[in-house]
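What follows is the content of data17.pdb, which has PDB, C-alpha atoms, pLDDT in the B column:
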```pdb
ATOM      1  CA  MET A   8      -2.182 -29.448  -8.928  1.00 61.00           C
ATOM      2  CA  ILE A   9      -4.640 -26.766  -7.866  1.00 67.00           C
ATOM      3  CA  LEU A  10      -3.467 -24.315  -5.258  1.00 80.00           C
ATOM      4  CA  TRP A  11      -5.908 -22.430  -3.049  1.00 86.00           C
ATOM      5  CA  ASP A  12      -5.159 -19.281  -1.148  1.00 90.00           C
ATOM      6  CA  LYS A  13      -7.399 -17.745   1.484  1.00 94.00           C
ATOM      7  CA  LYS A  14      -6.820 -14.150   2.530  1.00 95.00           C
ATOM      8  CA  SER A  15      -8.717 -12.236   5.169  1.00 97.00           C
ATOM      9  CA  TYR A  16      -8.885  -8.446   5.457  1.00 98.00           C
ATOM     10  CA  GLN A  17     -10.775  -5.953   7.601  1.00 98.00           C
ATOM     11  CA  VAL A  18     -11.532  -2.275   7.103  1.00 98.00           C
ATOM     12  CA  LYS A  19     -13.189   0.304   9.368  1.00 98.00           C
ATOM     13  CA  LEU A  20     -15.446   2.575   7.341  1.00 98.00           C
ATOM     14  CA  HIS A  21     -15.393   6.365   7.783  1.00 98.00           C
ATOM     15  CA  GLY A  22     -18.030   8.547   6.142  1.00 98.00           C
ATOM     16  CA  GLY A  23     -19.516   5.390   4.612  1.00 97.00           C
ATOM     17  CA  ARG A  24     -16.237   4.697   2.780  1.00 98.00           C
ATOM     18  CA  GLY A  25     -13.205   2.455   3.126  1.00 98.00           C
ATOM     19  CA  LYS A  26     -10.436   0.892   1.055  1.00 98.00           C
ATOM     20  CA  ILE A  27      -8.334  -2.272   1.221  1.00 98.00           C
ATOM     21  CA  LEU A  28      -5.199  -2.848  -0.857  1.00 98.00           C
ATOM     22  CA  THR A  29      -4.686  -6.606  -0.963  1.00 96.00           C
ATOM     23  CA  GLU A  30      -1.525  -8.603  -1.143  1.00 94.00           C
ATOM     24  CA  PRO A  31      -0.702  -9.667  -4.719  1.00 93.00           C
ATOM     25  CA  VAL A  32      -3.151 -12.285  -6.026  1.00 91.00           C
ATOM     26  CA  HIS A  33      -3.464 -14.214  -9.290  1.00 91.00           C
ATOM     27  CA  GLY A  34      -6.023 -16.718 -10.486  1.00 92.00           C
ATOM     28  CA  LEU A  35      -9.760 -17.068 -10.052  1.00 93.00           C
ATOM     29  CA  LEU A  36     -11.500 -15.366  -7.139  1.00 94.00           C
ATOM     30  CA  GLN A  37     -13.572 -18.471  -6.457  1.00 94.00           C
ATOM     31  CA  HIS A  38     -15.330 -17.270  -3.308  1.00 96.00           C
ATOM     32  CA  LEU A  39     -15.732 -13.654  -2.206  1.00 97.00           C
ATOM     33  CA  MET A  40     -17.155 -13.069   1.264  1.00 98.00           C
ATOM     34  CA  VAL A  41     -18.028  -9.595   2.551  1.00 98.00           C
ATOM     35  CA  ILE A  42     -19.215  -9.570   6.150  1.00 98.00           C
ATOM     36  CA  PRO A  43     -20.333  -6.273   7.705  1.00 98.00           C
ATOM     37  CA  ALA A  44     -20.576  -6.084  11.502  1.00 97.00           C
ATOM     38  CA  SER A  45     -24.375  -5.611  11.280  1.00 97.00           C
ATOM     39  CA  GLU A  46     -26.758  -7.739   9.199  1.00 96.00           C
ATOM     40  CA  ASN A  47     -28.811  -4.724   8.108  1.00 97.00           C
ATOM     41  CA  THR A  48     -25.901  -2.585   6.855  1.00 97.00           C
ATOM     42  CA  VAL A  49     -26.350  -1.571   3.215  1.00 98.00           C
ATOM     43  CA  TRP A  50     -23.094  -1.066   1.298  1.00 98.00           C
ATOM     44  CA  SER A  51     -21.602  -0.765  -2.186  1.00 98.00           C
ATOM     45  CA  MET A  52     -18.214  -2.066  -3.314  1.00 98.00           C
ATOM     46  CA  LYS A  53     -15.907  -2.061  -6.322  1.00 98.00           C
ATOM     47  CA  ILE A  54     -12.847  -4.216  -6.898  1.00 97.00           C
ATOM     48  CA  ILE A  55     -10.281  -2.440  -9.052  1.00 97.00           C
ATOM     49  CA  ASP A  56      -7.315  -4.200 -10.657  1.00 94.00           C
ATOM     50  CA  ALA A  57      -3.754  -2.941 -11.144  1.00 92.00           C
ATOM     51  CA  GLU A  58      -4.709  -1.327 -14.484  1.00 92.00           C
ATOM     52  CA  GLU A  59      -7.441   0.714 -12.716  1.00 94.00           C
ATOM     53  CA  ASP A  60     -10.210  -1.357 -14.342  1.00 95.00           C
ATOM     54  CA  ILE A  61     -13.301  -2.232 -12.303  1.00 97.00           C
ATOM     55  CA  ILE A  62     -13.457  -6.038 -12.298  1.00 96.00           C
ATOM     56  CA  TYR A  63     -16.283  -6.370  -9.765  1.00 97.00           C
ATOM     57  CA  ASP A  64     -19.040  -3.940  -8.848  1.00 98.00           C
ATOM     58  CA  ILE A  65     -21.959  -4.358  -6.457  1.00 98.00           C
ATOM     59  CA  LYS A  66     -24.335  -1.601  -5.350  1.00 98.00           C
ATOM     60  CA  ASP A  67     -26.650  -1.285  -2.349  1.00 98.00           C
ATOM     61  CA  HIS A  68     -26.170  -4.806  -0.993  1.00 98.00           C
ATOM     62  CA  GLU A  69     -27.630  -5.506   2.444  1.00 98.00           C
ATOM     63  CA  GLY A  70     -25.742  -7.671   4.934  1.00 98.00           C
ATOM     64  CA  ARG A  71     -23.385 -10.513   4.092  1.00 98.00           C
ATOM     65  CA  LEU A  72     -22.308 -11.360   0.567  1.00 98.00           C
ATOM     66  CA  ASP A  73     -21.218 -14.840  -0.529  1.00 98.00           C
ATOM     67  CA  ASP A  74     -20.301 -14.710  -4.210  1.00 97.00           C
ATOM     68  CA  LYS A  75     -19.076 -17.914  -5.840  1.00 96.00           C
ATOM     69  CA  GLU A  76     -19.330 -16.759  -9.475  1.00 93.00           C
ATOM     70  CA  GLY A  77     -15.563 -16.684  -9.988  1.00 93.00           C
ATOM     71  CA  THR A  78     -13.815 -13.472 -11.039  1.00 92.00           C
ATOM     72  CA  PRO A  79     -10.349 -13.571 -12.663  1.00 92.00           C
ATOM     73  CA  VAL A  80      -7.772 -11.503 -10.724  1.00 92.00           C
ATOM     74  CA  GLY A  81      -4.191 -10.577 -11.630  1.00 84.00           C
ATOM     75  CA  LYS A  82      -3.483 -10.599 -15.353  1.00 76.00           C
ATOM     76  CA  ASP A  83      -0.368 -12.597 -16.176  1.00 80.00           C
ATOM     77  CA  ARG A  84       1.207 -12.400 -12.744  1.00 84.00           C
ATOM     78  CA  GLN A  85       0.307 -11.741  -9.138  1.00 89.00           C
ATOM     79  CA  GLN A  86      -0.981  -8.205  -8.636  1.00 93.00           C
ATOM     80  CA  PRO A  87      -2.581  -6.412  -5.692  1.00 95.00           C
ATOM     81  CA  ILE A  88      -6.203  -5.334  -6.081  1.00 96.00           C
ATOM     82  CA  ASN A  89      -8.094  -2.471  -4.453  1.00 98.00           C
ATOM     83  CA  ILE A  90     -11.367  -3.206  -2.692  1.00 98.00           C
ATOM     84  CA  VAL A  91     -13.286   0.056  -2.334  1.00 98.00           C
ATOM     85  CA  PHE A  92     -16.395   0.430  -0.173  1.00 98.00           C
ATOM     86  CA  TYR A  93     -18.714   3.410  -0.574  1.00 98.00           C
ATOM     87  CA  ASP A  94     -22.240   4.556   0.284  1.00 98.00           C
ATOM     88  CA  SER A  95     -22.399   2.402   3.417  1.00 98.00           C
ATOM     89  CA  THR A  96     -25.276   3.125   5.786  1.00 98.00           C
ATOM     90  CA  THR A  97     -23.015   2.714   8.835  1.00 97.00           C
ATOM     91  CA  ASN A  98     -19.396   3.328   9.785  1.00 97.00           C
ATOM     92  CA  GLU A  99     -18.382  -0.075  11.078  1.00 97.00           C
ATOM     93  CA  ASN A 100     -15.881  -2.841  10.461  1.00 98.00           C
ATOM     94  CA  ILE A 101     -16.331  -4.913   7.328  1.00 98.00           C
ATOM     95  CA  LYS A 102     -14.473  -8.184   6.925  1.00 98.00           C
ATOM     96  CA  VAL A 103     -13.486  -9.424   3.459  1.00 98.00           C
ATOM     97  CA  ILE A 104     -12.381 -12.991   2.778  1.00 98.00           C
ATOM     98  CA  LEU A 105     -10.953 -13.949  -0.609  1.00 96.00           C
ATOM     99  CA  LYS A 106     -10.562 -17.575  -1.669  1.00 96.00           C
ATOM    100  CA  VAL A 107      -8.406 -17.596  -4.795  1.00 94.00           C
ATOM    101  CA  LYS A 108      -7.759 -20.639  -6.958  1.00 92.00           C
ATOM    102  CA  GLU A 109      -4.436 -20.257  -8.744  1.00 84.00           C
ATOM    103  CA  THR A 110      -4.705 -20.996 -12.472  1.00 74.00           C
TER     104      THR A 110
END
```
Could you quickly redo this structure as structure tokens?
Amino acid sequence: MILWDKKSYQVKLHGGRGKILTEPVHGLLQHLMVIPASENTVWSMKIIDAEEDIIYDIKDHEGRLDDKEGTPVGKDRQQPINIVFYDSTTNENIKVILKVKET
């Protein structure tokens, strides 16, 4: 049986930066959505796991991101991850939606 989990987060950027610490997750990040308040906002983001390793990195992306590549998250158990935004062209709210397929 495949279990899906959908989590939604929001962060208000200050100085072009912001950080979200997620609830513990484990499995495959099947769909990552990043939705800035404005379509023309340019932003960069890293996702950092519990061991401080960068497991996802995107630079200078404009507008909404819909990534369905599938990134493994949480090693052998559920772990929180850090989602770090930097170098954003505006200080606004950014919504992040994670759809995780438990493995």
Using only C-alpha atoms, which residues sit within 12 Å of Thr97 in chain A once same-chain residues fewer than 5 positions away are excluded, as a ChimeraX atom specification? /A:19-25,43-51,69-70,92
Just-selected residues, C-alpha atoms written as a short mmCIF file (atom, residue, chain, number, x, y, z; two decimals), in the coordinates of the input:
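Result saved to out.cif:
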```
data_model
loop_
_atom_site.label_atom_id
_atom_site.label_comp_id
_atom_site.auth_asym_id
_atom_site.auth_seq_id
_atom_site.Cartn_x
_atom_site.Cartn_y
_atom_site.Cartn_z
CA LYS A 19 -13.19 0.30 9.37
CA LEU A 20 -15.45 2.58 7.34
CA HIS A 21 -15.39 6.36 7.78
CA GLY A 22 -18.03 8.55 6.14
CA GLY A 23 -19.52 5.39 4.61
CA ARG A 24 -16.24 4.70 2.78
CA GLY A 25 -13.20 2.46 3.13
CA PRO A 43 -20.33 -6.27 7.70
CA ALA A 44 -20.58 -6.08 11.50
CA SER A 45 -24.38 -5.61 11.28
CA GLU A 46 -26.76 -7.74 9.20
CA ASN A 47 -28.81 -4.72 8.11
CA THR A 48 -25.90 -2.58 6.86
CA VAL A 49 -26.35 -1.57 3.22
CA TRP A 50 -23.09 -1.07 1.30
CA SER A 51 -21.60 -0.76 -2.19
CA GLU A 69 -27.63 -5.51 2.44
CA GLY A 70 -25.74 -7.67 4.93
CA PHE A 92 -16.40 0.43 -0.17
#
```
Looking at all atoms listed in the file, which of A:Lys53, A:Lys66, A:Lys75, A:Lys26 is the one that sits closest to Leu105 in chain A?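 Of A:Lys53, A:Lys66, A:Lys75, A:Lys26, the one nearest Leu105 in chain A, counting all atoms listed in the file, is A:Lys75.
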One-decimal distance in Å that lies between CA of Asn100 in chain A and CA of Glu58 in chain A: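 Answer for the CA of Glu58 in chain A to CA of Asn100 in chain A separation: 27.4 Å.
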What's around Glu109 in chain A at 9 Å? Count only C-alpha atoms, leave out sequence neighbours fewer than 3 positions away in its own chain, and write the answer as a VMD selection string. chain A and resid 9 to 12 32 to 36
I'd like the neighbourhood of Ala57 in chain A as a ChimeraX atom specification, where a residue qualifies if any of its atoms comes within 9 Å (using all atoms listed in the file), though same-chain residues fewer than 6 positions away should be ignored. /A:81-82,86-89
Residue among A:Gln37, A:Thr29, A:Ile54, A:Arg71 lying closest to Ile101 in chain A, counting only C-alpha atoms: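 Counting only C-alpha atoms, the residue closest to Ile101 in chain A is A:Arg71.
Closest to Thr96 in chain A among A:Lys13, A:Arg84, A:His68, A:Lys108 is A:His68, based on all atoms listed in the file.
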Report the distance between CA of Glu59 in chain A and CA of Leu39 in chain A in Å, rounded to one decimal place.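 Rounded to one decimal, the two atoms are 19.6 Å apart.
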Using only C-alpha atoms, which residue out of A:Met40, A:Lys14, A:Val91, A:Pro79 lies closest to Ile27 in chain A? A:Val91
If I wrap all listed atoms of range 27-31 of chain A in a box with edges along x, y and z and add 8 Å on each side, what are its centre and edge lengths in Å to one decimal, as lines of an AutoDock Vina configuration file?
```
center_x = -4.5
center_y = -6.0
center_z = -1.7
size_x = 23.6
size_y = 23.4
size_z = 21.9
```
Computed interatomic separation between CA of Lys102 in chain A and CA of Ser15 in chain A (Å):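 CA of Ser15 in chain A lies at a distance of 7.3 Å from CA of Lys102 in chain A.
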Could you state which residues are captured by the PyMOL selection byres ((chain A and resi 64) around 6) in this file, as a list in words?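 On this input, the PyMOL selection byres ((chain A and resi 64) around 6) captures Met52, Lys53, Tyr63 and Ile65 of chain A.
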Since we have the selection now, will you write its residues out, keeping C-alpha atoms, as a PDB file, keeping the file's coordinate frame?
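Okay, this is what ended up in result.pdb:
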```pdb
ATOM      1  CA  MET A  52     -18.214  -2.066  -3.314  1.00 98.00           C
ATOM      2  CA  LYS A  53     -15.907  -2.061  -6.322  1.00 98.00           C
ATOM      3  CA  TYR A  63     -16.283  -6.370  -9.765  1.00 97.00           C
ATOM      4  CA  ILE A  65     -21.959  -4.358  -6.457  1.00 98.00           C
TER       5      ILE A  65
END
```
Of the candidates A:Val41, A:Leu28, A:Val18, A:Ile61, which one gets nearest to Val103 in chain A if we count only C-alpha atoms?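 Among the listed residues, the smallest separation from Val103 in chain A belongs to A:Val41.
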